[in-house]
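S.K.: Input structure: target01.cif, which contains mmCIF, C-alpha atoms.
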```
data_structure
#
loop_
_atom_site.label_atom_id
_atom_site.label_comp_id
_atom_site.auth_asym_id
_atom_site.auth_seq_id
_atom_site.Cartn_x
_atom_site.Cartn_y
_atom_site.Cartn_z
CA MET A 1 4.36 3.74 -26.60
CA GLU A 2 0.81 3.93 -27.93
CA LEU A 3 -2.28 4.79 -25.87
CA ARG A 4 -5.80 3.72 -26.76
CA ALA A 5 -8.49 5.34 -24.66
CA ALA A 6 -12.17 4.57 -24.20
CA ARG A 7 -14.66 6.28 -21.92
CA ARG A 8 -17.56 4.57 -20.21
CA GLY A 9 -19.43 6.61 -17.61
CA ALA A 10 -17.00 7.82 -14.98
CA ARG A 11 -14.38 5.30 -16.05
CA LEU A 12 -11.60 6.02 -18.52
CA THR A 13 -9.90 2.89 -19.82
CA VAL A 14 -6.49 3.36 -21.38
CA GLN A 15 -4.71 0.53 -23.09
CA LEU A 16 -0.93 0.96 -23.06
CA VAL A 17 0.95 -0.66 -25.92
CA GLY A 18 4.73 -0.87 -26.15
CA GLU A 19 7.64 -0.24 -23.79
CA LEU A 20 7.12 1.92 -20.71
CA ASP A 21 10.49 3.37 -19.70
CA HIS A 22 11.85 6.83 -18.83
CA HIS A 23 11.89 7.78 -22.52
CA SER A 24 8.23 6.96 -23.17
CA ALA A 25 6.96 7.89 -19.67
CA GLU A 26 7.01 11.62 -20.36
CA ARG A 27 4.56 11.40 -23.23
CA VAL A 28 2.35 8.82 -21.50
CA ARG A 29 2.18 11.08 -18.45
CA SER A 30 1.23 14.20 -20.42
CA ASN A 31 -1.35 12.29 -22.52
CA LEU A 32 -2.98 10.83 -19.42
CA ASP A 33 -2.95 14.17 -17.61
CA HIS A 34 -4.55 15.82 -20.62
CA MET A 35 -7.41 13.28 -20.55
CA LEU A 36 -7.72 13.55 -16.76
CA ARG A 37 -8.39 17.28 -17.02
CA ASP A 38 -11.98 16.11 -17.41
CA ARG A 39 -12.87 16.04 -13.73
CA THR A 40 -15.88 13.79 -14.24
CA ILE A 41 -13.44 10.90 -14.67
CA MET A 42 -13.38 9.09 -11.33
CA GLU A 43 -11.73 5.83 -12.37
CA LEU A 44 -8.61 5.42 -14.47
CA HIS A 45 -8.31 1.86 -15.70
CA LEU A 46 -4.87 1.10 -17.11
CA ASP A 47 -4.96 -1.99 -19.29
CA MET A 48 -1.38 -3.31 -19.26
CA ARG A 49 -1.90 -6.16 -21.73
CA GLY A 50 0.23 -4.58 -24.42
CA VAL A 51 3.14 -3.51 -22.18
CA SER A 52 6.15 -5.50 -23.38
CA PHE A 53 8.61 -3.86 -20.99
CA MET A 54 8.38 -1.70 -17.89
CA ASP A 55 10.96 -0.47 -15.40
CA SER A 56 10.63 1.80 -12.36
CA SER A 57 9.82 4.80 -14.59
CA GLY A 58 6.45 3.11 -15.14
CA LEU A 59 5.89 3.11 -11.38
CA GLY A 60 6.27 6.89 -11.36
CA VAL A 61 3.55 7.16 -14.02
CA VAL A 62 1.14 4.97 -12.02
CA PHE A 63 1.89 6.60 -8.64
CA GLY A 64 1.49 10.09 -10.10
CA ARG A 65 -1.93 9.29 -11.61
CA TYR A 66 -2.96 7.60 -8.36
CA LYS A 67 -2.34 10.91 -6.58
CA THR A 68 -4.45 12.77 -9.15
CA LEU A 69 -7.38 10.35 -8.82
CA ARG A 70 -7.14 10.10 -5.05
CA ALA A 71 -7.37 13.90 -4.79
CA ARG A 72 -10.84 13.68 -6.41
CA ASN A 73 -11.82 10.55 -4.40
CA GLY A 74 -11.36 8.41 -7.47
CA LYS A 75 -9.19 5.37 -8.10
CA VAL A 76 -6.73 3.69 -10.43
CA ILE A 77 -7.38 0.15 -11.62
CA LEU A 78 -4.70 -2.07 -13.19
CA SER A 79 -5.51 -5.03 -15.41
CA ASN A 80 -3.86 -7.66 -17.60
CA VAL A 81 -0.50 -7.28 -15.87
CA SER A 82 2.11 -9.63 -17.34
CA PRO A 83 4.36 -11.62 -14.96
CA PHE A 84 7.35 -9.36 -15.77
CA VAL A 85 5.47 -6.14 -15.12
CA ASP A 86 3.88 -7.73 -12.06
CA ARG A 87 7.30 -8.28 -10.44
CA VAL A 88 8.09 -4.56 -10.64
CA PHE A 89 4.59 -3.65 -9.41
CA ARG A 90 4.72 -6.09 -6.48
CA MET A 91 8.03 -4.83 -5.11
CA SER A 92 6.74 -1.25 -5.21
CA GLY A 93 3.62 -1.90 -3.12
CA VAL A 94 1.42 -0.40 -5.86
CA TYR A 95 -1.31 -2.97 -5.20
CA LYS A 96 -1.90 -1.42 -1.78
CA LEU A 97 -2.98 1.75 -3.59
CA CYS A 98 -4.47 0.53 -6.86
CA GLU A 99 -7.04 -2.15 -7.47
CA ARG A 100 -6.02 -5.04 -9.72
CA ILE A 101 -8.63 -6.75 -11.83
CA MET B 1 31.90 -20.43 -21.72
CA GLN B 2 34.84 -18.55 -23.24
CA ARG B 3 35.41 -15.08 -21.84
CA ASN B 4 33.79 -12.40 -23.89
CA ARG B 5 33.44 -8.64 -23.70
CA MET B 6 31.68 -5.83 -25.50
CA GLU B 7 31.68 -2.09 -25.05
CA LEU B 8 29.17 0.53 -26.18
CA ARG B 9 29.41 4.29 -25.91
CA PHE B 10 26.38 6.41 -26.60
CA VAL B 11 25.15 9.94 -25.93
CA SER B 12 22.85 10.54 -22.97
CA LEU B 13 19.61 10.63 -24.95
CA SER B 14 16.64 8.82 -23.46
CA GLN B 15 16.03 7.12 -26.83
CA ASN B 16 19.20 5.12 -26.11
CA GLU B 17 17.74 3.46 -23.00
CA SER B 18 15.92 0.83 -25.06
CA PHE B 19 18.94 0.40 -27.34
CA ALA B 20 21.27 -0.21 -24.35
CA ARG B 21 19.05 -2.75 -22.60
CA ALA B 22 18.38 -4.62 -25.85
CA ALA B 23 22.12 -4.77 -26.62
CA ALA B 24 22.95 -6.05 -23.11
CA ALA B 25 20.25 -8.72 -23.33
CA ALA B 26 21.37 -9.80 -26.82
CA PHE B 27 24.95 -10.17 -25.56
CA ALA B 28 23.82 -12.11 -22.46
CA ALA B 29 21.84 -14.49 -24.67
CA GLN B 30 25.10 -16.41 -25.31
CA LEU B 31 24.78 -17.83 -21.80
CA ASN B 32 21.47 -19.39 -22.78
CA PRO B 33 19.47 -17.67 -20.03
CA THR B 34 15.77 -18.21 -19.34
CA ILE B 35 13.29 -15.60 -20.57
CA GLU B 36 12.97 -14.46 -16.97
CA GLU B 37 16.74 -14.03 -16.52
CA LEU B 38 16.89 -12.02 -19.72
CA ALA B 39 14.05 -9.80 -18.49
CA ASP B 40 15.97 -9.29 -15.22
CA ILE B 41 19.07 -8.13 -17.13
CA ARG B 42 17.05 -5.92 -19.47
CA THR B 43 15.26 -4.23 -16.56
CA ALA B 44 18.33 -3.74 -14.34
CA VAL B 45 20.42 -2.31 -17.23
CA SER B 46 17.52 0.02 -18.10
CA GLU B 47 17.45 1.33 -14.52
CA ALA B 48 21.19 2.00 -14.45
CA VAL B 49 21.24 3.69 -17.87
CA THR B 50 18.21 5.82 -16.91
CA ASN B 51 20.00 6.88 -13.70
CA ALA B 52 23.08 7.90 -15.72
CA ILE B 53 20.92 10.06 -18.01
CA VAL B 54 18.47 11.51 -15.46
CA HIS B 55 20.80 11.92 -12.49
CA GLY B 56 24.40 11.69 -13.75
CA TYR B 57 23.82 14.15 -16.58
CA ASP B 58 20.64 15.77 -15.21
CA SER B 59 18.97 15.06 -18.60
CA ARG B 60 21.60 17.02 -20.56
CA THR B 61 22.08 15.28 -23.86
CA GLU B 62 25.77 15.86 -24.51
CA GLY B 63 27.02 13.31 -21.94
CA ILE B 64 28.51 9.95 -22.82
CA VAL B 65 27.23 6.75 -21.22
CA THR B 66 29.41 3.65 -21.43
CA LEU B 67 28.02 0.14 -21.22
CA ILE B 68 30.53 -2.69 -20.87
CA CYS B 69 29.23 -6.26 -20.78
CA GLU B 70 31.40 -9.24 -19.91
CA ILE B 71 30.89 -12.96 -19.79
CA SER B 72 33.18 -15.09 -17.68
CA GLY B 73 32.20 -18.71 -17.07
CA ASP B 74 28.52 -18.65 -16.16
CA SER B 75 28.68 -15.06 -14.94
CA PHE B 76 27.30 -12.01 -16.74
CA THR B 77 28.48 -8.54 -15.77
CA ALA B 78 27.24 -5.16 -17.00
CA LYS B 79 29.07 -1.96 -16.09
CA ILE B 80 27.22 1.29 -16.73
CA SER B 81 29.31 4.45 -16.38
CA ASP B 82 28.75 8.15 -16.72
CA MET B 83 31.08 11.09 -16.24
CA GLY B 84 28.36 13.21 -14.69
CA CYS B 85 27.72 14.80 -11.31
CA GLY B 86 28.31 11.71 -9.16
CA ILE B 87 26.50 10.71 -5.96
CA ALA B 88 27.36 12.38 -2.65
CA ASP B 89 25.56 9.84 -0.46
CA ILE B 90 25.40 6.38 -2.03
CA VAL B 91 23.66 4.78 0.97
CA GLN B 92 20.83 7.32 0.75
CA ALA B 93 20.61 6.99 -3.05
CA ARG B 94 20.12 3.21 -2.68
CA GLN B 95 17.27 3.55 -0.17
CA PRO B 96 13.99 2.29 -1.67
CA LEU B 97 11.62 5.18 -2.44
CA TYR B 98 14.37 7.80 -2.05
CA THR B 99 14.61 10.12 -5.03
CA SER B 100 16.43 13.38 -5.52
CA LYS B 101 13.93 14.30 -8.26
CA PRO B 102 10.38 13.86 -6.90
CA GLU B 103 9.20 16.69 -9.20
CA GLN B 104 9.99 14.47 -12.19
CA GLU B 105 7.87 11.66 -10.74
CA ARG B 106 10.88 9.41 -10.27
CA SER B 107 9.68 6.53 -8.10
CA GLY B 108 12.91 6.07 -6.14
CA MET B 109 12.81 2.35 -6.94
CA GLY B 110 15.66 2.14 -9.46
CA PHE B 111 18.32 0.65 -7.19
CA ALA B 112 15.73 -1.58 -5.46
CA VAL B 113 14.82 -3.03 -8.87
CA MET B 114 18.50 -3.58 -9.75
CA GLU B 115 19.07 -5.31 -6.41
CA ALA B 116 15.99 -7.50 -6.79
CA PHE B 117 16.85 -8.63 -10.31
CA MET B 118 20.64 -9.04 -10.12
CA GLU B 119 22.82 -10.95 -7.64
CA GLU B 120 25.29 -8.13 -7.08
CA VAL B 121 24.96 -4.37 -7.48
CA GLU B 122 28.06 -2.30 -6.85
CA VAL B 123 28.11 1.50 -7.00
CA GLN B 124 31.28 3.54 -7.33
CA SER B 125 30.81 7.27 -7.33
CA ALA B 126 32.22 10.55 -6.14
CA PRO B 127 30.75 14.05 -6.51
CA GLY B 128 31.90 15.59 -9.79
CA ARG B 129 33.59 12.40 -10.94
CA GLY B 130 30.75 10.35 -12.34
CA THR B 131 29.23 7.02 -11.39
CA THR B 132 29.84 3.41 -12.32
CA VAL B 133 27.23 0.78 -11.51
CA THR B 134 28.29 -2.85 -11.81
CA LEU B 135 25.57 -5.47 -12.13
CA ARG B 136 26.32 -9.20 -11.88
CA LYS B 137 24.26 -12.29 -12.40
CA ARG B 138 25.10 -15.97 -12.72
CA ILE B 139 23.28 -17.85 -15.43
CA THR B 140 23.15 -21.53 -14.55
CA ARG B 141 21.25 -24.00 -16.68
#
```
Could you write out this file's structure as structure tokens?
M.R.:
Amino acid sequence: MELRAARRGARLTVQLVGELDHHSAERVRSNLDHMLRDRTIMELHLDMRGVSFMDSSGLGVVFGRYKTLRARNGKVILSNVSPFVDRVFRMSGVYKLCERI
Amino acid sequence: MQRNRMELRFVSLSQNESFARAAAAAFAAQLNPTIEELADIRTAVSEAVTNAIVHGYDSRTEGIVTLICEISGDSFTAKISDMGCGIADIVQARQPLYTSKPEQERSGMGFAVMEAFMEEVEVQSAPGRGTTVTLRKRITR
């Protein structure tokens, strides 16, 4: 899975491209955590447009980053969620914690 | 549809998760499923294979995971087996949000996803004797 990041003010936008499963989650997690070491980032916007597959391992990645951002009074924003990814997100209750745009 | 069967055996490397779900979906394609039904199968098989690797073998890479797919009439079945540690409490393991590995950021939603996307999810397991998860779905067009 490929990550493309762009910073604008306090918001970090990361475009995820490829399949988000247990195999790729480890690297996605460590890349995101590396970027989030910058504590001036208050919003993590995950652009899901390029995610061709996601299972519950992807939920772990989102929930984990939500905890990081919440601890600094920030938030996680999800966008361009495909219908397939949306089904996994909806059953997990992630939209109660993360904004969807 | 004529009965059909395939069997794959692969080592418990996480790289094989995408291989296994792609193979299961390609086999199921004979039943002429919708794109959504194929995504259901791909996702459920991915969850079961990930469980075998992460939990059954505790991420050790020398284990063998077996994937057997069968077609009988309009029914698709995938059996995912490991010879790993097994599950002591299957009811607890199937609870949504329960995970035995919170430190690895497992969401605890694996079985819930399998149950949502397949018609039947059967778990056979005993401590020290491995786990077999059987997933079934009817494809009617």
S.K.: Calculated over only C-alpha atoms, which of the candidates A:Gly18, A:Gly60, A:Gly9, A:Gly93 has the smallest distance to chain B?
M.R.: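 Comparing A:Gly18, A:Gly60, A:Gly9, A:Gly93 against chain B, the winner is A:Gly60.
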S.K.: Measuring between all atoms listed in the file, which one of A:Lys75, A:Arg37, A:His23, A:Arg87 shows the shortest distance to chain B?
M.R.: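 Answer, going by the shortest atom-to-atom distance: A:His23.
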S.K.: Pull out every residue that the PyMOL selection byres ((chain B) within 7 of (chain A)) matches in the shown coordinates and put them as a VMD selection string.
M.R.: chain B and resid 14 to 15 43 47 50 105 to 107 109 to 110
S.K.: Name the residues that the PyMOL selection byres ((chain A and resi 39) around 12) picks from the file above, as number ranges by chain, using the file's chain letters and numbers.
M.R.: A: 10-12, 33-38, 40-44, 68-74
S.K.: With C-alpha atoms retained, write the just-selected residues as a PDB file, keeping the file's coordinate frame.
M.R.:
```pdb
ATOM      1  CA  ALA A  10     -17.000   7.820 -14.980  1.00  0.00           C
ATOM      2  CA  ARG A  11     -14.380   5.300 -16.050  1.00  0.00           C
ATOM      3  CA  LEU A  12     -11.600   6.020 -18.520  1.00  0.00           C
ATOM      4  CA  ASP A  33      -2.950  14.170 -17.610  1.00  0.00           C
ATOM      5  CA  HIS A  34      -4.550  15.820 -20.620  1.00  0.00           C
ATOM      6  CA  MET A  35      -7.410  13.280 -20.550  1.00  0.00           C
ATOM      7  CA  LEU A  36      -7.720  13.550 -16.760  1.00  0.00           C
ATOM      8  CA  ARG A  37      -8.390  17.280 -17.020  1.00  0.00           C
ATOM      9  CA  ASP A  38     -11.980  16.110 -17.410  1.00  0.00           C
ATOM     10  CA  THR A  40     -15.880  13.790 -14.240  1.00  0.00           C
ATOM     11  CA  ILE A  41     -13.440  10.900 -14.670  1.00  0.00           C
ATOM     12  CA  MET A  42     -13.380   9.090 -11.330  1.00  0.00           C
ATOM     13  CA  GLU A  43     -11.730   5.830 -12.370  1.00  0.00           C
ATOM     14  CA  LEU A  44      -8.610   5.420 -14.470  1.00  0.00           C
ATOM     15  CA  THR A  68      -4.450  12.770  -9.150  1.00  0.00           C
ATOM     16  CA  LEU A  69      -7.380  10.350  -8.820  1.00  0.00           C
ATOM     17  CA  ARG A  70      -7.140  10.100  -5.050  1.00  0.00           C
ATOM     18  CA  ALA A  71      -7.370  13.900  -4.790  1.00  0.00           C
ATOM     19  CA  ARG A  72     -10.840  13.680  -6.410  1.00  0.00           C
ATOM     20  CA  ASN A  73     -11.820  10.550  -4.400  1.00  0.00           C
ATOM     21  CA  GLY A  74     -11.360   8.410  -7.470  1.00  0.00           C
TER      22      GLY A  74
END
```
S.K.: Give as a ChimeraX atom specification the set of residues within 12 Å of the point (18.6, -15.5, -19.4), where distances use the file's coordinates and only C-alpha atoms.
M.R.: /B:24-42,74-76,117-118,137-141
S.K.: What would the file be for stretch 99-110 of chain B if you keep all heavy atoms and write it as a PDB file, in the first residue's frame?
M.R.:
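Contents of out01.pdb, freshly written:
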```
ATOM      1  N   THR B  99     -10.752  -8.958  21.393  1.00  0.00           N
ATOM      2  CA  THR B  99      -9.495  -9.406  20.787  1.00  0.00           C
ATOM      3  C   THR B  99      -8.533  -9.860  21.874  1.00  0.00           C
ATOM      4  O   THR B  99      -8.493  -9.286  22.964  1.00  0.00           O
ATOM      5  CB  THR B  99      -8.829  -8.322  19.903  1.00  0.00           C
ATOM      6  OG1 THR B  99      -7.590  -8.857  19.406  1.00  0.00           O
ATOM      7  CG2 THR B  99      -8.548  -7.030  20.662  1.00  0.00           C
ATOM      8  N   SER B 100      -7.800 -10.908  21.573  1.00  0.00           N
ATOM      9  CA  SER B 100      -6.800 -11.390  22.523  1.00  0.00           C
ATOM     10  C   SER B 100      -5.484 -10.642  22.316  1.00  0.00           C
ATOM     11  O   SER B 100      -4.538 -10.830  23.057  1.00  0.00           O
ATOM     12  CB  SER B 100      -6.595 -12.897  22.332  1.00  0.00           C
ATOM     13  OG  SER B 100      -6.192 -13.157  21.001  1.00  0.00           O
ATOM     14  N   LYS B 101      -5.430  -9.791  21.264  1.00  0.00           N
ATOM     15  CA  LYS B 101      -4.189  -9.071  20.969  1.00  0.00           C
ATOM     16  C   LYS B 101      -4.436  -7.571  20.791  1.00  0.00           C
ATOM     17  O   LYS B 101      -4.171  -7.013  19.717  1.00  0.00           O
ATOM     18  CB  LYS B 101      -3.544  -9.642  19.704  1.00  0.00           C
ATOM     19  CG  LYS B 101      -3.118 -11.104  19.856  1.00  0.00           C
ATOM     20  CD  LYS B 101      -2.176 -11.517  18.738  1.00  0.00           C
ATOM     21  CE  LYS B 101      -1.898 -13.008  18.755  1.00  0.00           C
ATOM     22  NZ  LYS B 101      -1.239 -13.464  19.972  1.00  0.00           N
ATOM     23  N   PRO B 102      -4.915  -6.885  21.834  1.00  0.00           N
ATOM     24  CA  PRO B 102      -5.155  -5.441  21.690  1.00  0.00           C
ATOM     25  C   PRO B 102      -3.866  -4.673  21.412  1.00  0.00           C
ATOM     26  O   PRO B 102      -3.882  -3.643  20.751  1.00  0.00           O
ATOM     27  CB  PRO B 102      -5.766  -5.033  23.038  1.00  0.00           C
ATOM     28  CG  PRO B 102      -5.395  -6.115  23.988  1.00  0.00           C
ATOM     29  CD  PRO B 102      -5.246  -7.371  23.178  1.00  0.00           C
ATOM     30  N   GLU B 103      -2.734  -5.205  21.901  1.00  0.00           N
ATOM     31  CA  GLU B 103      -1.449  -4.494  21.715  1.00  0.00           C
ATOM     32  C   GLU B 103      -1.046  -4.470  20.243  1.00  0.00           C
ATOM     33  O   GLU B 103      -0.235  -3.660  19.838  1.00  0.00           O
ATOM     34  CB  GLU B 103      -0.357  -5.135  22.601  1.00  0.00           C
ATOM     35  CG  GLU B 103       0.194  -6.489  22.140  1.00  0.00           C
ATOM     36  CD  GLU B 103      -0.764  -7.674  22.328  1.00  0.00           C
ATOM     37  OE1 GLU B 103      -1.852  -7.491  22.918  1.00  0.00           O
ATOM     38  OE2 GLU B 103      -0.426  -8.781  21.874  1.00  0.00           O
ATOM     39  N   GLN B 104      -1.611  -5.354  19.444  1.00  0.00           N
ATOM     40  CA  GLN B 104      -1.292  -5.340  18.005  1.00  0.00           C
ATOM     41  C   GLN B 104      -2.341  -4.564  17.209  1.00  0.00           C
ATOM     42  O   GLN B 104      -2.428  -4.677  15.985  1.00  0.00           O
ATOM     43  CB  GLN B 104      -1.209  -6.776  17.470  1.00  0.00           C
ATOM     44  CG  GLN B 104       0.007  -7.521  17.981  1.00  0.00           C
ATOM     45  CD  GLN B 104       0.126  -8.915  17.361  1.00  0.00           C
ATOM     46  OE1 GLN B 104      -0.389  -9.193  16.280  1.00  0.00           O
ATOM     47  NE2 GLN B 104       0.799  -9.809  18.064  1.00  0.00           N
ATOM     48  N   GLU B 105      -3.192  -3.815  17.939  1.00  0.00           N
ATOM     49  CA  GLU B 105      -4.247  -3.035  17.299  1.00  0.00           C
ATOM     50  C   GLU B 105      -5.177  -3.902  16.471  1.00  0.00           C
ATOM     51  O   GLU B 105      -5.656  -3.484  15.416  1.00  0.00           O
ATOM     52  CB  GLU B 105      -3.666  -1.910  16.435  1.00  0.00           C
ATOM     53  CG  GLU B 105      -3.217  -0.731  17.257  1.00  0.00           C
ATOM     54  CD  GLU B 105      -2.913   0.507  16.416  1.00  0.00           C
ATOM     55  OE1 GLU B 105      -3.020   0.460  15.186  1.00  0.00           O
ATOM     56  OE2 GLU B 105      -2.565   1.515  17.039  1.00  0.00           O
ATOM     57  N   ARG B 106      -5.433  -5.132  16.913  1.00  0.00           N
ATOM     58  CA  ARG B 106      -6.467  -5.926  16.261  1.00  0.00           C
ATOM     59  C   ARG B 106      -7.803  -5.322  16.690  1.00  0.00           C
ATOM     60  O   ARG B 106      -7.983  -4.978  17.866  1.00  0.00           O
ATOM     61  CB  ARG B 106      -6.389  -7.407  16.676  1.00  0.00           C
ATOM     62  CG  ARG B 106      -5.022  -8.077  16.503  1.00  0.00           C
ATOM     63  CD  ARG B 106      -4.474  -7.981  15.104  1.00  0.00           C
ATOM     64  NE  ARG B 106      -5.438  -8.397  14.103  1.00  0.00           N
ATOM     65  CZ  ARG B 106      -5.380  -8.054  12.824  1.00  0.00           C
ATOM     66  NH1 ARG B 106      -4.432  -7.280  12.387  1.00  0.00           N
ATOM     67  NH2 ARG B 106      -6.282  -8.472  11.990  1.00  0.00           N
ATOM     68  N   SER B 107      -8.731  -5.196  15.757  1.00  0.00           N
ATOM     69  CA  SER B 107      -9.982  -4.493  16.074  1.00  0.00           C
ATOM     70  C   SER B 107     -10.999  -5.386  16.780  1.00  0.00           C
ATOM     71  O   SER B 107     -11.970  -4.901  17.342  1.00  0.00           O
ATOM     72  CB  SER B 107     -10.601  -3.944  14.788  1.00  0.00           C
ATOM     73  OG  SER B 107     -11.006  -5.015  13.945  1.00  0.00           O
ATOM     74  N   GLY B 108     -10.807  -6.690  16.730  1.00  0.00           N
ATOM     75  CA  GLY B 108     -11.790  -7.595  17.330  1.00  0.00           C
ATOM     76  C   GLY B 108     -13.037  -7.742  16.484  1.00  0.00           C
ATOM     77  O   GLY B 108     -14.074  -8.214  16.952  1.00  0.00           O
ATOM     78  N   MET B 109     -12.956  -7.349  15.205  1.00  0.00           N
ATOM     79  CA  MET B 109     -14.137  -7.383  14.338  1.00  0.00           C
ATOM     80  C   MET B 109     -14.074  -8.483  13.273  1.00  0.00           C
ATOM     81  O   MET B 109     -14.939  -8.560  12.406  1.00  0.00           O
ATOM     82  CB  MET B 109     -14.311  -6.017  13.661  1.00  0.00           C
ATOM     83  CG  MET B 109     -14.690  -4.897  14.619  1.00  0.00           C
ATOM     84  SD  MET B 109     -16.288  -5.156  15.412  1.00  0.00           S
ATOM     85  CE  MET B 109     -17.367  -4.846  14.003  1.00  0.00           C
ATOM     86  N   GLY B 110     -13.064  -9.332  13.342  1.00  0.00           N
ATOM     87  CA  GLY B 110     -12.877 -10.346  12.299  1.00  0.00           C
ATOM     88  C   GLY B 110     -14.061 -11.283  12.141  1.00  0.00           C
ATOM     89  O   GLY B 110     -14.606 -11.428  11.039  1.00  0.00           O
TER      90      GLY B 110
END
```
